[in-house]
Structures are given as structure tokens and as C-alpha cells.
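The file target19.txt contains compact mmCIF, N, CA and C atoms:
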# COMPACT_ATOMS: atom_id res chain seq x y z
N MET Z 262 -105.28 149.31 150.53
CA MET Z 262 -105.65 149.37 151.94
C MET Z 262 -107.15 149.26 152.08
N LEU Z 263 -107.56 148.86 153.24
CA LEU Z 263 -108.99 148.75 153.45
C LEU Z 263 -109.67 150.11 153.48
N ASN Z 264 -109.01 151.09 154.06
CA ASN Z 264 -109.59 152.44 154.16
C ASN Z 264 -108.95 153.38 153.15
N MET Z 265 -108.99 153.00 151.89
CA MET Z 265 -108.37 153.82 150.85
C MET Z 265 -108.99 155.21 150.84
N PRO Z 266 -108.15 156.25 150.80
CA PRO Z 266 -108.70 157.59 150.74
C PRO Z 266 -109.40 157.81 149.40
N VAL Z 267 -110.45 158.61 149.44
CA VAL Z 267 -111.17 158.93 148.21
C VAL Z 267 -110.26 159.72 147.28
N ARG Z 268 -109.49 160.61 147.87
CA ARG Z 268 -108.57 161.42 147.09
C ARG Z 268 -107.18 160.83 147.19
N SER Z 269 -106.49 160.79 146.06
CA SER Z 269 -105.11 160.32 146.10
C SER Z 269 -104.21 161.45 146.55
N VAL Z 270 -103.02 161.10 146.97
CA VAL Z 270 -102.06 162.10 147.40
C VAL Z 270 -101.71 163.04 146.24
N PHE Z 271 -101.61 162.50 145.02
CA PHE Z 271 -101.30 163.35 143.87
C PHE Z 271 -102.45 164.30 143.57
N SER Z 272 -103.66 163.84 143.72
CA SER Z 272 -104.83 164.68 143.49
C SER Z 272 -104.85 165.84 144.47
N GLU Z 273 -104.59 165.54 145.73
CA GLU Z 273 -104.61 166.59 146.75
C GLU Z 273 -103.51 167.63 146.50
N ILE Z 274 -102.32 167.17 146.18
CA ILE Z 274 -101.21 168.09 145.94
C ILE Z 274 -101.46 168.95 144.70
N THR Z 275 -101.92 168.34 143.62
CA THR Z 275 -102.16 169.14 142.42
C THR Z 275 -103.31 170.12 142.61
N ASP Z 276 -104.33 169.74 143.37
CA ASP Z 276 -105.40 170.68 143.68
C ASP Z 276 -104.85 171.87 144.46
N PHE Z 277 -103.99 171.60 145.42
CA PHE Z 277 -103.37 172.68 146.20
C PHE Z 277 -102.52 173.59 145.31
N LEU Z 278 -101.66 172.99 144.51
CA LEU Z 278 -100.78 173.80 143.66
C LEU Z 278 -101.55 174.58 142.60
N ALA Z 279 -102.71 174.08 142.19
CA ALA Z 279 -103.53 174.78 141.20
C ALA Z 279 -104.15 176.06 141.76
N THR Z 280 -104.12 176.23 143.08
CA THR Z 280 -104.65 177.45 143.68
C THR Z 280 -103.66 178.61 143.62
N ASN Z 281 -102.48 178.35 143.03
CA ASN Z 281 -101.43 179.36 142.92
C ASN Z 281 -101.03 179.88 144.30
N PRO Z 282 -100.61 178.98 145.19
CA PRO Z 282 -100.28 179.38 146.55
C PRO Z 282 -99.06 180.29 146.61
N THR Z 283 -99.02 181.10 147.65
CA THR Z 283 -97.85 181.95 147.88
C THR Z 283 -96.70 181.06 148.37
N PRO Z 284 -95.48 181.57 148.32
CA PRO Z 284 -94.36 180.78 148.87
C PRO Z 284 -94.61 180.38 150.32
N GLN Z 285 -95.15 181.28 151.13
CA GLN Z 285 -95.40 180.94 152.54
C GLN Z 285 -96.48 179.87 152.67
N GLU Z 286 -97.51 179.91 151.83
CA GLU Z 286 -98.54 178.86 151.88
C GLU Z 286 -97.96 177.50 151.50
N ILE Z 287 -97.01 177.48 150.59
CA ILE Z 287 -96.35 176.23 150.22
C ILE Z 287 -95.53 175.71 151.39
N ILE Z 288 -94.79 176.60 152.04
CA ILE Z 288 -93.97 176.22 153.19
C ILE Z 288 -94.85 175.65 154.30
N ASP Z 289 -96.00 176.25 154.52
CA ASP Z 289 -96.90 175.84 155.60
C ASP Z 289 -97.76 174.62 155.26
N TYR Z 290 -97.81 174.23 154.01
CA TYR Z 290 -98.73 173.17 153.56
C TYR Z 290 -98.44 171.83 154.22
N GLN Z 291 -99.52 171.14 154.58
CA GLN Z 291 -99.46 169.76 155.05
C GLN Z 291 -100.61 168.99 154.41
N LEU Z 292 -100.40 167.72 154.20
CA LEU Z 292 -101.47 166.88 153.68
C LEU Z 292 -102.64 166.87 154.66
N SER Z 293 -103.81 166.55 154.14
CA SER Z 293 -104.99 166.42 155.00
C SER Z 293 -104.74 165.32 156.02
N GLU Z 294 -105.46 165.40 157.12
CA GLU Z 294 -105.27 164.42 158.21
C GLU Z 294 -105.52 163.00 157.75
N ASP Z 295 -106.53 162.79 156.88
CA ASP Z 295 -106.80 161.42 156.46
C ASP Z 295 -105.66 160.85 155.61
N LEU Z 296 -105.06 161.68 154.76
CA LEU Z 296 -103.93 161.19 153.96
C LEU Z 296 -102.68 161.01 154.83
N GLN Z 297 -102.49 161.86 155.82
CA GLN Z 297 -101.36 161.68 156.73
C GLN Z 297 -101.52 160.36 157.49
N ALA Z 298 -102.72 160.08 157.94
CA ALA Z 298 -102.99 158.83 158.67
C ALA Z 298 -102.75 157.62 157.76
N CYS Z 299 -103.17 157.74 156.53
CA CYS Z 299 -102.97 156.65 155.56
C CYS Z 299 -101.48 156.40 155.34
N ALA Z 300 -100.71 157.48 155.18
CA ALA Z 300 -99.27 157.35 154.97
C ALA Z 300 -98.60 156.68 156.17
N HIS Z 301 -98.97 157.11 157.37
CA HIS Z 301 -98.38 156.53 158.58
C HIS Z 301 -98.72 155.04 158.69
N GLU Z 302 -99.96 154.69 158.37
CA GLU Z 302 -100.36 153.28 158.43
C GLU Z 302 -99.58 152.45 157.43
N LEU Z 303 -99.43 152.97 156.22
CA LEU Z 303 -98.67 152.24 155.19
C LEU Z 303 -97.22 152.05 155.63
N LEU Z 304 -96.61 153.10 156.16
CA LEU Z 304 -95.22 153.00 156.59
C LEU Z 304 -95.07 152.00 157.74
N GLU Z 305 -96.01 152.03 158.66
CA GLU Z 305 -95.97 151.09 159.78
C GLU Z 305 -96.12 149.66 159.29
N ARG Z 306 -97.09 149.43 158.44
CA ARG Z 306 -97.31 148.08 157.93
C ARG Z 306 -96.17 147.61 157.04
N ASN Z 307 -95.52 148.56 156.34
CA ASN Z 307 -94.37 148.21 155.53
C ASN Z 307 -93.23 147.72 156.42
N GLY Z 308 -93.05 148.38 157.56
CA GLY Z 308 -92.02 147.94 158.51
C GLY Z 308 -92.26 146.54 159.03
N GLU Z 309 -93.51 146.12 158.99
CA GLU Z 309 -93.87 144.77 159.43
C GLU Z 309 -93.98 143.82 158.24
N ASP Z 310 -93.61 144.32 157.05
CA ASP Z 310 -93.65 143.54 155.81
C ASP Z 310 -95.04 142.96 155.55
N GLN Z 311 -96.07 143.83 155.68
CA GLN Z 311 -97.45 143.38 155.53
C GLN Z 311 -98.19 144.10 154.40
N LEU Z 312 -97.48 144.68 153.45
CA LEU Z 312 -98.16 145.41 152.38
C LEU Z 312 -98.38 144.54 151.14
N THR Z 313 -99.52 144.77 150.51
CA THR Z 313 -99.76 144.16 149.21
C THR Z 313 -98.95 144.96 148.18
N PRO Z 314 -98.78 144.43 146.98
CA PRO Z 314 -98.07 145.21 145.95
C PRO Z 314 -98.74 146.57 145.67
N GLU Z 315 -100.07 146.60 145.70
CA GLU Z 315 -100.78 147.86 145.46
C GLU Z 315 -100.53 148.86 146.59
N GLU Z 316 -100.50 148.37 147.82
CA GLU Z 316 -100.23 149.24 148.96
C GLU Z 316 -98.79 149.73 148.94
N ARG Z 317 -97.88 148.89 148.49
CA ARG Z 317 -96.48 149.30 148.37
C ARG Z 317 -96.36 150.43 147.34
N ASP Z 318 -97.06 150.31 146.22
CA ASP Z 318 -97.07 151.38 145.21
C ASP Z 318 -97.62 152.67 145.81
N GLU Z 319 -98.70 152.55 146.58
CA GLU Z 319 -99.30 153.72 147.22
C GLU Z 319 -98.32 154.36 148.20
N MET Z 320 -97.61 153.53 148.95
CA MET Z 320 -96.62 154.05 149.90
C MET Z 320 -95.53 154.81 149.16
N PHE Z 321 -95.07 154.28 148.04
CA PHE Z 321 -94.04 154.97 147.27
C PHE Z 321 -94.56 156.27 146.68
N ASP Z 322 -95.87 156.35 146.37
CA ASP Z 322 -96.46 157.63 145.95
C ASP Z 322 -96.29 158.67 147.05
N PHE Z 323 -96.56 158.28 148.28
CA PHE Z 323 -96.39 159.20 149.41
C PHE Z 323 -94.93 159.63 149.55
N VAL Z 324 -94.02 158.68 149.38
CA VAL Z 324 -92.59 158.99 149.50
C VAL Z 324 -92.18 159.99 148.42
N ARG Z 325 -92.62 159.76 147.19
CA ARG Z 325 -92.27 160.67 146.09
C ARG Z 325 -92.84 162.07 146.32
N VAL Z 326 -94.08 162.13 146.76
CA VAL Z 326 -94.70 163.43 147.03
C VAL Z 326 -93.97 164.14 148.17
N ASP Z 327 -93.60 163.39 149.20
CA ASP Z 327 -92.88 163.99 150.32
C ASP Z 327 -91.54 164.56 149.86
N GLU Z 328 -90.83 163.83 149.03
CA GLU Z 328 -89.55 164.33 148.51
C GLU Z 328 -89.75 165.58 147.67
N MET Z 329 -90.76 165.57 146.80
CA MET Z 329 -91.02 166.73 145.95
C MET Z 329 -91.39 167.94 146.78
N MET Z 330 -92.29 167.75 147.76
CA MET Z 330 -92.72 168.88 148.58
C MET Z 330 -91.59 169.39 149.46
N SER Z 331 -90.74 168.54 149.94
CA SER Z 331 -89.59 168.98 150.74
C SER Z 331 -88.67 169.86 149.90
N LEU Z 332 -88.42 169.46 148.68
CA LEU Z 332 -87.59 170.26 147.78
C LEU Z 332 -88.26 171.58 147.45
N LEU Z 333 -89.55 171.54 147.16
CA LEU Z 333 -90.30 172.76 146.84
C LEU Z 333 -90.30 173.72 148.02
N LYS Z 334 -90.52 173.20 149.22
CA LYS Z 334 -90.52 174.05 150.41
C LYS Z 334 -89.14 174.68 150.63
N ALA Z 335 -88.08 173.92 150.42
CA ALA Z 335 -86.73 174.47 150.57
C ALA Z 335 -86.49 175.59 149.56
N LYS Z 336 -86.96 175.41 148.35
CA LYS Z 336 -86.80 176.46 147.33
C LYS Z 336 -87.62 177.69 147.67
N MET Z 337 -88.80 177.51 148.24
CA MET Z 337 -89.62 178.65 148.63
C MET Z 337 -88.99 179.41 149.80
N LYS Z 338 -88.37 178.69 150.73
CA LYS Z 338 -87.67 179.35 151.83
C LYS Z 338 -86.51 180.18 151.31
N LEU Z 339 -85.77 179.64 150.36
CA LEU Z 339 -84.66 180.36 149.75
C LEU Z 339 -85.18 181.59 149.00
N LYS Z 340 -86.28 181.43 148.29
CA LYS Z 340 -86.87 182.55 147.56
C LYS Z 340 -87.27 183.67 148.52
N LEU Z 341 -87.91 183.32 149.62
CA LEU Z 341 -88.30 184.34 150.60
C LEU Z 341 -87.08 184.99 151.25
N ARG Z 342 -86.08 184.20 151.53
CA ARG Z 342 -84.85 184.74 152.13
C ARG Z 342 -84.17 185.72 151.18
N ASN Z 343 -84.09 185.35 149.90
CA ASN Z 343 -83.47 186.23 148.91
C ASN Z 343 -84.29 187.49 148.67
N ALA Z 344 -85.60 187.37 148.77
CA ALA Z 344 -86.46 188.55 148.56
C ALA Z 344 -86.33 189.55 149.69
N SER Z 345 -86.01 189.07 150.87
CA SER Z 345 -85.90 189.99 152.01
C SER Z 345 -84.49 190.53 152.18
N ALA Z 346 -83.57 190.06 151.38
CA ALA Z 346 -82.18 190.52 151.49
C ALA Z 346 -81.94 191.82 150.73

As C-alpha cells:
Amino acid sequence: MLNMPVRSVFSEITDFLATNPTPQEIIDYQLSEDLQACAHELLERNGEDQLTPEERDEMFDFVRVDEMMSLLKAKMKLKLRNASA
């Protein structure tokens, strides 16, 4: 992309996870605004079939991270629910 983020999505996620976040911090976590904007732009351009192979790879990085974080957040919600039971 023309406005490639300085930080990759994997870099941002691993930096966050390296802080040893609480389950609630994981549940509340969202990507930085610039990476969210980048993901939305890639998805929009993909729908118009306008991505380069490199941009397509970057878009799939976002998809993989989103899937991983969704699963992690679900597990943290279950952990909190079980802890309060």
C-alpha cells in the first residue's frame, strides 16, 4: 500500500501481548487507529479486486490476526466467567 504502516499488525499484537495483559485488557484490546484504517482500506480495495500480491498478503495477515484475537478474547471471557462462578 502507499501508506504502509510503520508497525506491522503482528508487531503491534506481540508488543501488546508481551505486556502480560489481564484477561479484561485482552477482551478490550483493539488495534491502533492507523492499523484499523489500513485493514479497512485493504478490505475495501480487495472487494474491488485492486490489490497487489503484497497487499493481498498484508490483508491476510490482518485476517489471521483478527481470527486469533477473536479466539483469544472468547477464551478470556470464558476464563473470567468461570472465575466468577

Practice item. Report as a VMD selection string: the residues of chain Z with a DSSP assignment of helix (DSSP H, G or I), based on the backbone of this structure. Key: chain Z and resid 270 to 278 284 to 289 294 to 308 314 to 345

For segment 321-330 of chain Z, I'd like the enclosing box, axis-aligned and padded by 5 Å on every side, reported as JSON with centre and edge lengths in Å to one decimal.
{"center_x": -93.1, "center_y": 161.8, "center_z": 148.1, "size_x": 17.0, "size_y": 25.1, "size_z": 14.4}

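Taking only N, CA and C atoms into account, Leu296 of chain Z lies nearest to Z:Ser269 out of the set Z:Gln311, Z:Asn281, Z:Ser331, Z:Ser269.
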
### Message
Would you compute the distance between atom CA of Phe271 of chain Z and atom CA of Glu302 of chain Z? Give it in Å to one decimal.
### Response
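Result for atom CA of Phe271 of chain Z versus atom CA of Glu302 of chain Z: 17.7 Å, one decimal.
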
Point (-103.0, 155.9, 157.9), cut-off 12 Å, counting only C-alpha atoms, residues as a PDB file with N, CA and C atoms, keeping the file's coordinate frame:
ATOM      1  N   MET Z 262    -105.280 149.310 150.530  1.00  0.00           N
ATOM      2  CA  MET Z 262    -105.650 149.370 151.940  1.00  0.00           C
ATOM      3  C   MET Z 262    -107.150 149.260 152.080  1.00  0.00           C
ATOM      4  N   LEU Z 263    -107.560 148.860 153.240  1.00  0.00           N
ATOM      5  CA  LEU Z 263    -108.990 148.750 153.450  1.00  0.00           C
ATOM      6  C   LEU Z 263    -109.670 150.110 153.480  1.00  0.00           C
ATOM      7  N   ASN Z 264    -109.010 151.090 154.060  1.00  0.00           N
ATOM      8  CA  ASN Z 264    -109.590 152.440 154.160  1.00  0.00           C
ATOM      9  C   ASN Z 264    -108.950 153.380 153.150  1.00  0.00           C
ATOM     10  N   MET Z 265    -108.990 153.000 151.890  1.00  0.00           N
ATOM     11  CA  MET Z 265    -108.370 153.820 150.850  1.00  0.00           C
ATOM     12  C   MET Z 265    -108.990 155.210 150.840  1.00  0.00           C
ATOM     13  N   PRO Z 266    -108.150 156.250 150.800  1.00  0.00           N
ATOM     14  CA  PRO Z 266    -108.700 157.590 150.740  1.00  0.00           C
ATOM     15  C   PRO Z 266    -109.400 157.810 149.400  1.00  0.00           C
ATOM     16  N   LEU Z 292    -100.400 167.720 154.200  1.00  0.00           N
ATOM     17  CA  LEU Z 292    -101.470 166.880 153.680  1.00  0.00           C
ATOM     18  C   LEU Z 292    -102.640 166.870 154.660  1.00  0.00           C
ATOM     19  N   SER Z 293    -103.810 166.550 154.140  1.00  0.00           N
ATOM     20  CA  SER Z 293    -104.990 166.420 155.000  1.00  0.00           C
ATOM     21  C   SER Z 293    -104.740 165.320 156.020  1.00  0.00           C
ATOM     22  N   GLU Z 294    -105.460 165.400 157.120  1.00  0.00           N
ATOM     23  CA  GLU Z 294    -105.270 164.420 158.210  1.00  0.00           C
ATOM     24  C   GLU Z 294    -105.520 163.000 157.750  1.00  0.00           C
ATOM     25  N   ASP Z 295    -106.530 162.790 156.880  1.00  0.00           N
ATOM     26  CA  ASP Z 295    -106.800 161.420 156.460  1.00  0.00           C
ATOM     27  C   ASP Z 295    -105.660 160.850 155.610  1.00  0.00           C
ATOM     28  N   LEU Z 296    -105.060 161.680 154.760  1.00  0.00           N
ATOM     29  CA  LEU Z 296    -103.930 161.190 153.960  1.00  0.00           C
ATOM     30  C   LEU Z 296    -102.680 161.010 154.830  1.00  0.00           C
ATOM     31  N   GLN Z 297    -102.490 161.860 155.820  1.00  0.00           N
ATOM     32  CA  GLN Z 297    -101.360 161.680 156.730  1.00  0.00           C
ATOM     33  C   GLN Z 297    -101.520 160.360 157.490  1.00  0.00           C
ATOM     34  N   ALA Z 298    -102.720 160.080 157.940  1.00  0.00           N
ATOM     35  CA  ALA Z 298    -102.990 158.830 158.670  1.00  0.00           C
ATOM     36  C   ALA Z 298    -102.750 157.620 157.760  1.00  0.00           C
ATOM     37  N   CYS Z 299    -103.170 157.740 156.530  1.00  0.00           N
ATOM     38  CA  CYS Z 299    -102.970 156.650 155.560  1.00  0.00           C
ATOM     39  C   CYS Z 299    -101.480 156.400 155.340  1.00  0.00           C
ATOM     40  N   ALA Z 300    -100.710 157.480 155.180  1.00  0.00           N
ATOM     41  CA  ALA Z 300     -99.270 157.350 154.970  1.00  0.00           C
ATOM     42  C   ALA Z 300     -98.600 156.680 156.170  1.00  0.00           C
ATOM     43  N   HIS Z 301     -98.970 157.110 157.370  1.00  0.00           N
ATOM     44  CA  HIS Z 301     -98.380 156.530 158.580  1.00  0.00           C
ATOM     45  C   HIS Z 301     -98.720 155.040 158.690  1.00  0.00           C
ATOM     46  N   GLU Z 302     -99.960 154.690 158.370  1.00  0.00           N
ATOM     47  CA  GLU Z 302    -100.360 153.280 158.430  1.00  0.00           C
ATOM     48  C   GLU Z 302     -99.580 152.450 157.430  1.00  0.00           C
ATOM     49  N   LEU Z 303     -99.430 152.970 156.220  1.00  0.00           N
ATOM     50  CA  LEU Z 303     -98.670 152.240 155.190  1.00  0.00           C
ATOM     51  C   LEU Z 303     -97.220 152.050 155.630  1.00  0.00           C
ATOM     52  N   LEU Z 304     -96.610 153.100 156.160  1.00  0.00           N
ATOM     53  CA  LEU Z 304     -95.220 153.000 156.590  1.00  0.00           C
ATOM     54  C   LEU Z 304     -95.070 152.000 157.740  1.00  0.00           C
ATOM     55  N   GLU Z 305     -96.010 152.030 158.660  1.00  0.00           N
ATOM     56  CA  GLU Z 305     -95.970 151.090 159.780  1.00  0.00           C
ATOM     57  C   GLU Z 305     -96.120 149.660 159.290  1.00  0.00           C
ATOM     58  N   ARG Z 306     -97.090 149.430 158.440  1.00  0.00           N
ATOM     59  CA  ARG Z 306     -97.310 148.080 157.930  1.00  0.00           C
ATOM     60  C   ARG Z 306     -96.170 147.610 157.040  1.00  0.00           C
ATOM     61  N   ASN Z 307     -95.520 148.560 156.340  1.00  0.00           N
ATOM     62  CA  ASN Z 307     -94.370 148.210 155.530  1.00  0.00           C
ATOM     63  C   ASN Z 307     -93.230 147.720 156.420  1.00  0.00           C
ATOM     64  N   GLU Z 316    -100.500 148.370 147.820  1.00  0.00           N
ATOM     65  CA  GLU Z 316    -100.230 149.240 148.960  1.00  0.00           C
ATOM     66  C   GLU Z 316     -98.790 149.730 148.940  1.00  0.00           C
ATOM     67  N   GLU Z 319     -98.700 152.550 146.580  1.00  0.00           N
ATOM     68  CA  GLU Z 319     -99.300 153.720 147.220  1.00  0.00           C
ATOM     69  C   GLU Z 319     -98.320 154.360 148.200  1.00  0.00           C
ATOM     70  N   MET Z 320     -97.610 153.530 148.950  1.00  0.00           N
ATOM     71  CA  MET Z 320     -96.620 154.050 149.900  1.00  0.00           C
ATOM     72  C   MET Z 320     -95.530 154.810 149.160  1.00  0.00           C
ATOM     73  N   PHE Z 323     -96.560 158.280 148.280  1.00  0.00           N
ATOM     74  CA  PHE Z 323     -96.390 159.200 149.410  1.00  0.00           C
ATOM     75  C   PHE Z 323     -94.930 159.630 149.550  1.00  0.00           C
TER      76      PHE Z 323
END

Across Z:Ala335, Z:Asp327, Z:Pro314, Z:Ala346, the smallest distance to Ile288 of chain Z, with only C-alpha atoms counted, is shown by Z:Ala335

re atom CA of Leu341 of chain Z and atom CA of Pro282 of chain Z: distance 13.6 Å

Could you list as a short mmCIF file (atom, residue, chain, number, x, y, z; two decimals) with N, CA and C atoms, in the coordinates of the input every residue that has an atom within 8 Å of (-95.1, 173.7, 150.8), using the file's coordinates and counting all atoms listed in the file?
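Output file point-v3.cif is given in full below:
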data_model
loop_
_atom_site.label_atom_id
_atom_site.label_comp_id
_atom_site.auth_asym_id
_atom_site.auth_seq_id
_atom_site.Cartn_x
_atom_site.Cartn_y
_atom_site.Cartn_z
N THR Z 283 -99.02 181.10 147.65
CA THR Z 283 -97.85 181.95 147.88
C THR Z 283 -96.70 181.06 148.37
N PRO Z 284 -95.48 181.57 148.32
CA PRO Z 284 -94.36 180.78 148.87
C PRO Z 284 -94.61 180.38 150.32
N GLN Z 285 -95.15 181.28 151.13
CA GLN Z 285 -95.40 180.94 152.54
C GLN Z 285 -96.48 179.87 152.67
N GLU Z 286 -97.51 179.91 151.83
CA GLU Z 286 -98.54 178.86 151.88
C GLU Z 286 -97.96 177.50 151.50
N ILE Z 287 -97.01 177.48 150.59
CA ILE Z 287 -96.35 176.23 150.22
C ILE Z 287 -95.53 175.71 151.39
N ILE Z 288 -94.79 176.60 152.04
CA ILE Z 288 -93.97 176.22 153.19
C ILE Z 288 -94.85 175.65 154.30
N ASP Z 289 -96.00 176.25 154.52
CA ASP Z 289 -96.90 175.84 155.60
C ASP Z 289 -97.76 174.62 155.26
N TYR Z 290 -97.81 174.23 154.01
CA TYR Z 290 -98.73 173.17 153.56
C TYR Z 290 -98.44 171.83 154.22
N GLN Z 291 -99.52 171.14 154.58
CA GLN Z 291 -99.46 169.76 155.05
C GLN Z 291 -100.61 168.99 154.41
N MET Z 329 -90.76 165.57 146.80
CA MET Z 329 -91.02 166.73 145.95
C MET Z 329 -91.39 167.94 146.78
N MET Z 330 -92.29 167.75 147.76
CA MET Z 330 -92.72 168.88 148.58
C MET Z 330 -91.59 169.39 149.46
N SER Z 331 -90.74 168.54 149.94
CA SER Z 331 -89.59 168.98 150.74
C SER Z 331 -88.67 169.86 149.90
N LEU Z 332 -88.42 169.46 148.68
CA LEU Z 332 -87.59 170.26 147.78
C LEU Z 332 -88.26 171.58 147.45
N LEU Z 333 -89.55 171.54 147.16
CA LEU Z 333 -90.30 172.76 146.84
C LEU Z 333 -90.30 173.72 148.02
N LYS Z 334 -90.52 173.20 149.22
CA LYS Z 334 -90.52 174.05 150.41
C LYS Z 334 -89.14 174.68 150.63
N ALA Z 335 -88.08 173.92 150.42
CA ALA Z 335 -86.73 174.47 150.57
C ALA Z 335 -86.49 175.59 149.56
N MET Z 337 -88.80 177.51 148.24
CA MET Z 337 -89.62 178.65 148.63
C MET Z 337 -88.99 179.41 149.80
#

As a check of understanding: the span from atom N of Gly308 of chain Z to atom N of Phe321 of chain Z is 11.4 Å
